[in-house]
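Peer 1: Take a look at this one; I'll ask things after.
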Amino acid sequence: MSSTRYEVTRAGVSFGSALAMVISYTAHHSILWAMVHGVFSWLYVIYYAVTR
């Protein structure tokens, strides 16, 4: 059970980072901001959803 939870969590973090980077790049057209927002992942995705 522990390894399944780890895999799901890891996949969620990876997807969140990718989603944040795509949203950031389309909004700002900057690779640097996309990398910064990728680090914050789901926090940036939620922020973007609330403010738009």
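In the structure tokens, chains take letters A, B, ... by order of appearance, with residues numbered from 1 within each chain and ligands from 1 in the order shown.
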So that I can check the surroundings of stretch 39-47 of chain A, please list as a PyMOL selection string every protein, DNA and RNA residue that reaches within 8 Å of it, counting only C-alpha atoms and ignoring chain neighbours fewer than 2 positions away.
Peer 2: chain A and resi 13+16-21+23+35-37+49-51
